[in-house]
Amino acid sequence: MRSGIVIAALLLAGCQQDSEAPVEDVPIKDNGVPAGSDAIVTDAAQADIERSQAATDAEMAQPMGKAFPAAFHGRWDGNAAACAKDYSDMRMTITGDTVKHWESSGTVRELRIETPTRITADLDFSGEGEEWQSTTGYEVVDGGKALVRTQRNPDITVRYVRCS
């Protein structure tokens with residue numbers, strides 16, 4: 001029994017010495033992982049990261065009723081030279097809840113914000129004596145200098161530049 005007490009006392013003394021020893025400075029990377037260690041990201045972890053980012057994007061993109069977010073507003077055309085002309089058959093103007101093309105205009109029926117720079121709009125169009133509906137995706141790209149319009153049925157993708 002006496003030897004058990006002596007061993008316990010020695011172990012306790014050893015623990016106290018370690019707790020009083022100076023803590024070694026370990027450089028930490030921005031992501032909280034100690035420098036020099038390799039963090040392994042599994043496929044499942046990567047999927048969690050992507051789901052988390054998608055949720056963050058959706059949370060940050062607040063719906064604004066039926067109006068296009070401000071980043072989409074403006075006059076858009078096929079290129080800078082077309083922007084300088086008085087008219088262009090590719091010109092598109094987005095304001096509030098309206099999209100105007102050369103000979104038609106559409107009003108938002110429903111707007112879905114996918115990310116702060118990508119939306120999908122269900123639009124009611126009229127022009128040239130006709131009326132129709134369209135589901136169209138809009139994505140602001142190149143830091144707001146360009147916009148990609150993707151129309152469904154018929155499938156059409158058009159890239160525009162922002163006119164100043």
# chains A, B, ... in the order shown; residues from 1 in each chain; ligands from 1
>>> residues_around(residues="range 88-95 of chain A", least_positions_apart="6", cutoff="10 Å", atoms="only C-alpha atoms", output="count of residues only")
26
>>> atom_distance(atom1="CA of Pro154 in chain A", atom2="CA of Asp97 in chain A")
22.2 Å
>>> residues_around(residues="Thr117 in chain A", least_positions_apart="6", cutoff="8 Å", atoms="only C-alpha atoms", output="ChimeraX atom specification")
/A:71,139-141
>>> residues_around(residues="Ala121 in chain A", least_positions_apart="4", cutoff="7 Å", atoms="only C-alpha atoms", output="ChimeraX atom specification")
/A:108,110-112,135-137
>>> atom_distance(atom1="CA of Gly127 in chain A", atom2="CA of Ala84 in chain A")
24.4 Å
>>> atom_distance(atom1="CA of Glu130 in chain A", atom2="CA of Ile156 in chain A")
19.5 Å
>>> closest_residue(among="A:Tyr87, A:Tyr138, A:Trp132, A:Phe125", to="Thr150 in chain A", atoms="only C-alpha atoms")
A:Tyr138
